[in-house]
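J.: Following this message is one structure expressed as structure tokens.
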Amino acid sequence: MKLALIGAGQRGMIYSQYARERADIVAIVEPDDGRREAAADAFQIPLNNRFKTVEEFYRLGKICDAVIIASMDRDHYAQTMEALELGYDILLEKPISPSPEECLRIQQKANEKGRKVIVCHVLRYTNFFAEIKKIIDSNELGRIVTIQHNENIGNYHMAHSFVRGNWRRSDLASPLMMQKSCHDMDILAWLANSEAKRISSYGDLTFFREENAPANSSDRCLTCQAAADCRFDARKAYLPVRGQWPATTVASDQSEEGLLKALETSPYGRCVFRSDNDVCDHQVSIIEFKNGVKVTFNLSGFTNHMNRTIKIMCEHGEIRGNDSLNVIEVTKFASNMVDSVEQRIIHPAAVSGGHNGGDAGLMEDFLHLMETDDNDSRSSIDRSVESHIMAYAAEQARIAGTVIDIDQLKEQLREHIKATA
């Protein structure tokens, strides 16, 4: 099996490293010269298959079996539509597109062309969420009534990716809800086993604003008089983790000298209070599913850890989970306060790799689909579009201060696609 990688950033490299165990990476497309050459050298790509632009690569026609598209969010649509036109199967990094209309157009074209598009909803492939799904489907606790779900971004991750980094602005990438939490919309729809009915949402950019900058601070950390007392000082954020994420995104040279030099001019050396960011730093959504399940979803950059916590309240008991601790607690309700409670603690099988083994599980699924005639993927384009419409609806509800009816939104999107076909 032969694959090409479009976008040699962190996620693209992770997927390609897994894929190379059973496939050959035969071409690299990456606009950044340093990343392109590093990736090409790692996979021993010949010089004539190293491309700066996707247009150069596509001009060759179809030269391999599938492409991994891990470029920036707003590049996905054009790159995916052309790949489908050429006959490629695709592993597509989330979000499919910031635009729900473009998501639907990709779905439509993939089905018309008979091509496989697998979206990188890696959480579906973790043992943690698979175990929760198994408990729910066993019906031992009865039907789900409500869910509380938290995505805890981590204040340092928020500052790195969504204040200084590539996803700091909606017009450059996606709103925070779409970029970060289409994962969670997907998981919630999967666990609830239902399409969403309506969504409301509330949030904004509260903290990472210029009026919250420390006194005597400047626009860059390396020249800032307030840096010593600021936890967001870029030296504190990156130097202690040289050779690891997120320092590896700052510079290819991971020496202290290399990082400091990059921070002089890099976006990652900017003051978090004086960047050009505009995405929310917190957002709370309320979701009603068609089968009656109600969900509160809290997305926040004001946490110390990066993890997801969930509480699922059913008719006869509840499920609590923390994915970073790999712990699931299942409790059956008692008749009163003094009776003993029937409870068990589950530690799902630990799997190495990113996203608690989700990255490896995704790639196993994708490679299996490529090697067989099987089309039943946990994160096929047909299953993945729902989460993106939910994320888009949440953002529109936040902006407009209203409740979005999902079926009405879908009908509007379909009508617009027909009108502009």
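Please note that chains go A, B, ... in the order of the structure tokens, that every chain numbers its residues from 1, and that ligands are numbered from 1 in the order shown.
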Excluding Val385 of chain A and residues on its chain fewer than 4 positions from it, collect all residues at most 7 Å away from it, counting only C-alpha atoms, and give them as a ChimeraX atom specification.

T.: /A:103-104,381,389

J.: Using the selection just defined, write its residues with C-alpha atoms as a short mmCIF file (atom, residue, chain, number, x, y, z; two decimals), in the first residue's frame.

T.:
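Written file, again-v9.cif:
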data_model
loop_
_atom_site.label_atom_id
_atom_site.label_comp_id
_atom_site.auth_asym_id
_atom_site.auth_seq_id
_atom_site.Cartn_x
_atom_site.Cartn_y
_atom_site.Cartn_z
CA CYS A 103 -18.53 19.04 5.05
CA LEU A 104 -21.75 17.96 3.32
CA ILE A 381 -17.46 10.69 6.58
CA ILE A 389 -23.00 20.34 12.16
#

J.: Got a sec: who's within 10 Å of segment 214-223 of chain A, counting only C-alpha atoms, leaving out chain neighbours fewer than 5 positions off, as a PyMOL selection string?

T.: chain A and resi 228-230+232-236+260-261+263-275

J.: If you run DSSP on this backbone, which residues of segment 165-305 of chain A come out as helix (DSSP H, G or I), and could you give them as a PyMOL selection string?

T.: chain A and resi 176-192+210-212+221-223+227-229+234-241+247-249+256-265+267-269

J.: Output C-alpha atoms for every residue in that selection, as an mmCIF file, in the first residue's frame.

T.:
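Wrote again03.cif, looks like this:
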data_model
loop_
_atom_site.group_PDB
_atom_site.id
_atom_site.type_symbol
_atom_site.label_atom_id
_atom_site.label_comp_id
_atom_site.auth_asym_id
_atom_site.auth_seq_id
_atom_site.Cartn_x
_atom_site.Cartn_y
_atom_site.Cartn_z
ATOM 1 C CA LEU A 176 -12.665 26.815 19.178
ATOM 2 C CA MET A 177 -15.808 24.676 19.344
ATOM 3 C CA MET A 178 -15.243 23.309 15.841
ATOM 4 C CA GLN A 179 -11.476 22.881 16.023
ATOM 5 C CA LYS A 180 -11.195 21.434 19.504
ATOM 6 C CA SER A 181 -14.567 19.922 20.208
ATOM 7 C CA CYS A 182 -15.958 18.350 17.059
ATOM 8 C CA HIS A 183 -14.300 15.344 18.794
ATOM 9 C CA ASP A 184 -16.614 15.780 21.758
ATOM 10 C CA MET A 185 -19.728 16.386 19.675
ATOM 11 C CA ASP A 186 -18.919 13.118 17.911
ATOM 12 C CA ILE A 187 -18.454 11.206 21.166
ATOM 13 C CA LEU A 188 -21.641 12.622 22.676
ATOM 14 C CA ALA A 189 -23.730 11.694 19.637
ATOM 15 C CA TRP A 190 -22.159 8.218 19.680
ATOM 16 C CA LEU A 191 -22.809 7.658 23.392
ATOM 17 C CA ALA A 192 -26.339 9.080 23.220
ATOM 18 C CA GLU A 210 -4.792 43.212 26.430
ATOM 19 C CA GLU A 211 -6.590 44.745 29.430
ATOM 20 C CA ASN A 212 -5.468 41.728 31.479
ATOM 21 C CA CYS A 221 8.251 37.648 26.309
ATOM 22 C CA LEU A 222 11.995 37.949 25.737
ATOM 23 C CA THR A 223 11.870 41.734 26.195
ATOM 24 C CA ALA A 227 8.153 37.964 32.540
ATOM 25 C CA ALA A 228 9.590 36.769 35.855
ATOM 26 C CA ASP A 229 6.160 36.798 37.498
ATOM 27 C CA ALA A 234 7.531 31.683 26.695
ATOM 28 C CA ARG A 235 10.783 30.578 28.348
ATOM 29 C CA LYS A 236 8.775 28.912 31.106
ATOM 30 C CA ALA A 237 6.402 27.356 28.599
ATOM 31 C CA TYR A 238 8.963 25.835 26.229
ATOM 32 C CA LEU A 239 12.490 25.523 27.620
ATOM 33 C CA PRO A 240 11.647 22.916 30.312
ATOM 34 C CA VAL A 241 10.038 20.644 27.690
ATOM 35 C CA ALA A 247 8.333 22.953 22.223
ATOM 36 C CA THR A 248 8.785 20.865 19.073
ATOM 37 C CA THR A 249 6.285 23.065 17.257
ATOM 38 C CA GLU A 256 18.097 26.112 24.343
ATOM 39 C CA GLU A 257 19.824 28.490 21.960
ATOM 40 C CA GLY A 258 17.655 27.331 19.060
ATOM 41 C CA LEU A 259 14.418 27.819 20.965
ATOM 42 C CA LEU A 260 15.407 31.232 22.303
ATOM 43 C CA LYS A 261 16.312 32.382 18.816
ATOM 44 C CA ALA A 262 12.958 31.207 17.462
ATOM 45 C CA LEU A 263 11.095 32.937 20.276
ATOM 46 C CA GLU A 264 12.601 36.273 19.253
ATOM 47 C CA THR A 265 10.396 36.343 16.151
ATOM 48 C CA PRO A 267 4.360 33.733 17.227
ATOM 49 C CA TYR A 268 5.111 31.545 20.230
ATOM 50 C CA GLY A 269 7.203 34.320 21.746
#

J.: For Met313 of chain A, which residue among A:Arg105, A:Arg143, A:Arg168, A:His157 is the nearest when counting only C-alpha atoms?

T.: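 Looking at the shortest contact to Met313 of chain A, the residue is A:Arg143.
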
J.: As a ChimeraX atom specification, please: all residues of segment 280-414 of chain A that backbone DSSP puts in strand (DSSP E).

T.: /A:282-289,294-300,307-314,317-322,327-332,342-346,404-405

J.: Need the shell around Lys311 of chain A: protein/DNA/RNA residues with any atom at most 6 Å away, counting only C-alpha atoms. Skip same-chain ones fewer than 3 positions apart. Format as a PyMOL selection string?

T.: chain A and resi 147-148+319-320

J.: Near Asp89 of chain A, counting only C-alpha atoms, which residues have an atom at most 8 Å away, once you skip same-chain residues fewer than 2 positions from it, shown as a PyMOL selection string?

T.: chain A and resi 65-67+83-84+87+91+115-117

J.: For Thr303 of chain A, find every residue with an atom within 9 Å (counting only C-alpha atoms), except residues of its own chain fewer than 5 positions away, and show them as number ranges by chain.

T.: A: 152-156

J.: Taking only C-alpha atoms into account, which of A:Pro95, A:Gly301, A:Gly114, A:Gly358 comes nearest Ala391 of chain A?

T.: A:Pro95

J.: I'd like the neighbourhood of Ile310 of chain A as a CSV table (one decimal) with N, CA and C atoms, in the first residue's frame, where a residue qualifies if any of its atoms comes within 12 Å (using only C-alpha atoms), though same-chain residues fewer than 4 positions away should be ignored.

T.:
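That gives us out.csv:
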chain,number,residue,atom,x,y,z
A,128,PHE,N,-11.0,3.7,26.6
A,128,PHE,CA,-11.8,4.4,27.6
A,128,PHE,C,-13.2,4.7,27.2
A,129,PHE,N,-13.4,5.3,26.0
A,129,PHE,CA,-14.8,5.6,25.6
A,129,PHE,C,-15.5,4.4,25.0
A,132,ILE,N,-17.0,2.8,28.0
A,132,ILE,CA,-18.2,3.5,28.4
A,132,ILE,C,-19.4,3.2,27.5
A,146,THR,N,-29.3,12.2,31.4
A,146,THR,CA,-28.5,13.4,31.2
A,146,THR,C,-27.0,13.0,31.2
A,147,ILE,N,-26.2,13.9,30.6
A,147,ILE,CA,-24.8,13.7,30.5
A,147,ILE,C,-24.1,15.1,30.9
A,148,GLN,N,-23.1,15.1,31.7
A,148,GLN,CA,-22.2,16.2,31.9
A,148,GLN,C,-20.9,15.8,31.4
A,149,HIS,N,-20.4,16.6,30.4
A,149,HIS,CA,-19.1,16.3,29.8
A,149,HIS,C,-18.2,17.6,29.8
A,150,ASN,N,-17.0,17.4,30.2
A,150,ASN,CA,-16.0,18.5,30.3
A,150,ASN,C,-14.8,18.2,29.4
A,151,GLU,N,-14.5,19.1,28.5
A,151,GLU,CA,-13.2,19.1,27.9
A,151,GLU,C,-12.3,20.1,28.5
A,152,ASN,N,-11.3,19.7,29.3
A,152,ASN,CA,-10.4,20.5,30.0
A,152,ASN,C,-9.2,20.7,29.1
A,184,ASP,N,-15.7,16.0,20.7
A,184,ASP,CA,-16.6,15.8,21.8
A,184,ASP,C,-18.0,15.7,21.3
A,187,ILE,N,-18.3,12.2,20.1
A,187,ILE,CA,-18.5,11.2,21.2
A,187,ILE,C,-19.8,11.3,21.8
A,188,LEU,N,-20.3,12.5,22.0
A,188,LEU,CA,-21.6,12.6,22.7
A,188,LEU,C,-22.8,12.0,21.8
A,191,LEU,N,-22.4,8.2,22.1
A,191,LEU,CA,-22.8,7.7,23.4
A,191,LEU,C,-24.3,7.8,23.5
A,295,VAL,N,-27.7,17.1,27.5
A,295,VAL,CA,-26.2,17.2,27.7
A,295,VAL,C,-25.8,18.6,28.1
A,296,THR,N,-25.0,18.8,29.1
A,296,THR,CA,-24.2,20.0,29.3
A,296,THR,C,-22.8,19.7,29.0
A,297,PHE,N,-22.2,20.6,28.1
A,297,PHE,CA,-20.8,20.4,27.7
A,297,PHE,C,-20.0,21.7,28.0
A,298,ASN,N,-19.0,21.5,28.8
A,298,ASN,CA,-18.1,22.6,29.2
A,298,ASN,C,-16.8,22.5,28.6
A,318,GLU,N,-25.3,5.5,37.6
A,318,GLU,CA,-24.5,6.6,36.9
A,318,GLU,C,-23.1,6.1,36.6
A,319,ILE,N,-22.5,6.7,35.6
A,319,ILE,CA,-21.1,6.4,35.1
A,319,ILE,C,-20.3,7.6,35.2
A,320,ARG,N,-19.1,7.6,35.9
A,320,ARG,CA,-18.2,8.7,36.0
A,320,ARG,C,-16.9,8.2,35.4
A,321,GLY,N,-16.3,9.1,34.6
A,321,GLY,CA,-15.0,8.8,34.0
A,321,GLY,C,-14.0,9.9,33.9
A,322,ASN,N,-12.8,9.6,34.0
A,322,ASN,CA,-11.7,10.5,33.8
A,322,ASN,C,-10.7,9.9,32.9
A,323,ASP,N,-10.5,10.4,31.6
A,323,ASP,CA,-9.7,9.7,30.7
A,323,ASP,C,-8.2,9.8,30.9
A,324,SER,N,-7.7,10.8,31.6
A,324,SER,CA,-6.3,10.9,31.9
A,324,SER,C,-5.9,9.9,33.0
A,326,ASN,N,-7.6,7.2,33.4
A,326,ASN,CA,-8.1,5.9,32.8
A,326,ASN,C,-8.9,5.1,33.8
A,327,VAL,N,-9.9,5.9,34.4
A,327,VAL,CA,-10.7,5.3,35.5
A,327,VAL,C,-12.2,5.5,35.1
A,328,ILE,N,-13.0,4.5,35.2
A,328,ILE,CA,-14.4,4.6,35.0
A,328,ILE,C,-15.1,4.0,36.3
A,329,GLU,N,-16.0,4.7,36.8
A,329,GLU,CA,-16.7,4.3,38.1
A,329,GLU,C,-18.2,4.1,37.7
A,330,VAL,N,-18.7,2.9,38.0
A,330,VAL,CA,-20.1,2.5,37.7
A,330,VAL,C,-20.8,2.3,39.0

J.: For a test of reading the model, state the distance in Å between atom CA of Tyr58 of chain A and atom CA of Lys94 of chain A, rounded to one decimal.

T.: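 Distance between the two atoms: 21.5 Å.
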
J.: Arg35 of chain A: which residues within 8 Å, counting only C-alpha atoms, same-chain residues fewer than 5 positions away excluded, as number ranges by chain?

T.: A: 8-9, 30, 252

J.: May I have the residues from that selection written out with C-alpha atoms, as a compact mmCIF listing (two decimals), in the first residue's frame?

T.:
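Generated file (out.txt):
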# COMPACT_ATOMS: atom_id res chain seq x y z
CA ALA A 8 3.82 17.37 7.68
CA GLY A 9 2.94 18.99 10.99
CA GLU A 30 4.39 20.63 2.97
CA SER A 252 13.29 22.35 14.61

J.: Just how far from atom CA of Glu102 of chain A is atom CA of Thr420 of chain A, in Å to one decimal?

T.: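 Pair atom CA of Thr420 of chain A / atom CA of Glu102 of chain A returns 12.1 Å.
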
J.: Report, in Å with one decimal, the straight-line distance from atom CA of Phe289 of chain A to atom CA of Arg383 of chain A.

T.: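 These two atoms are separated by 15.8 Å.
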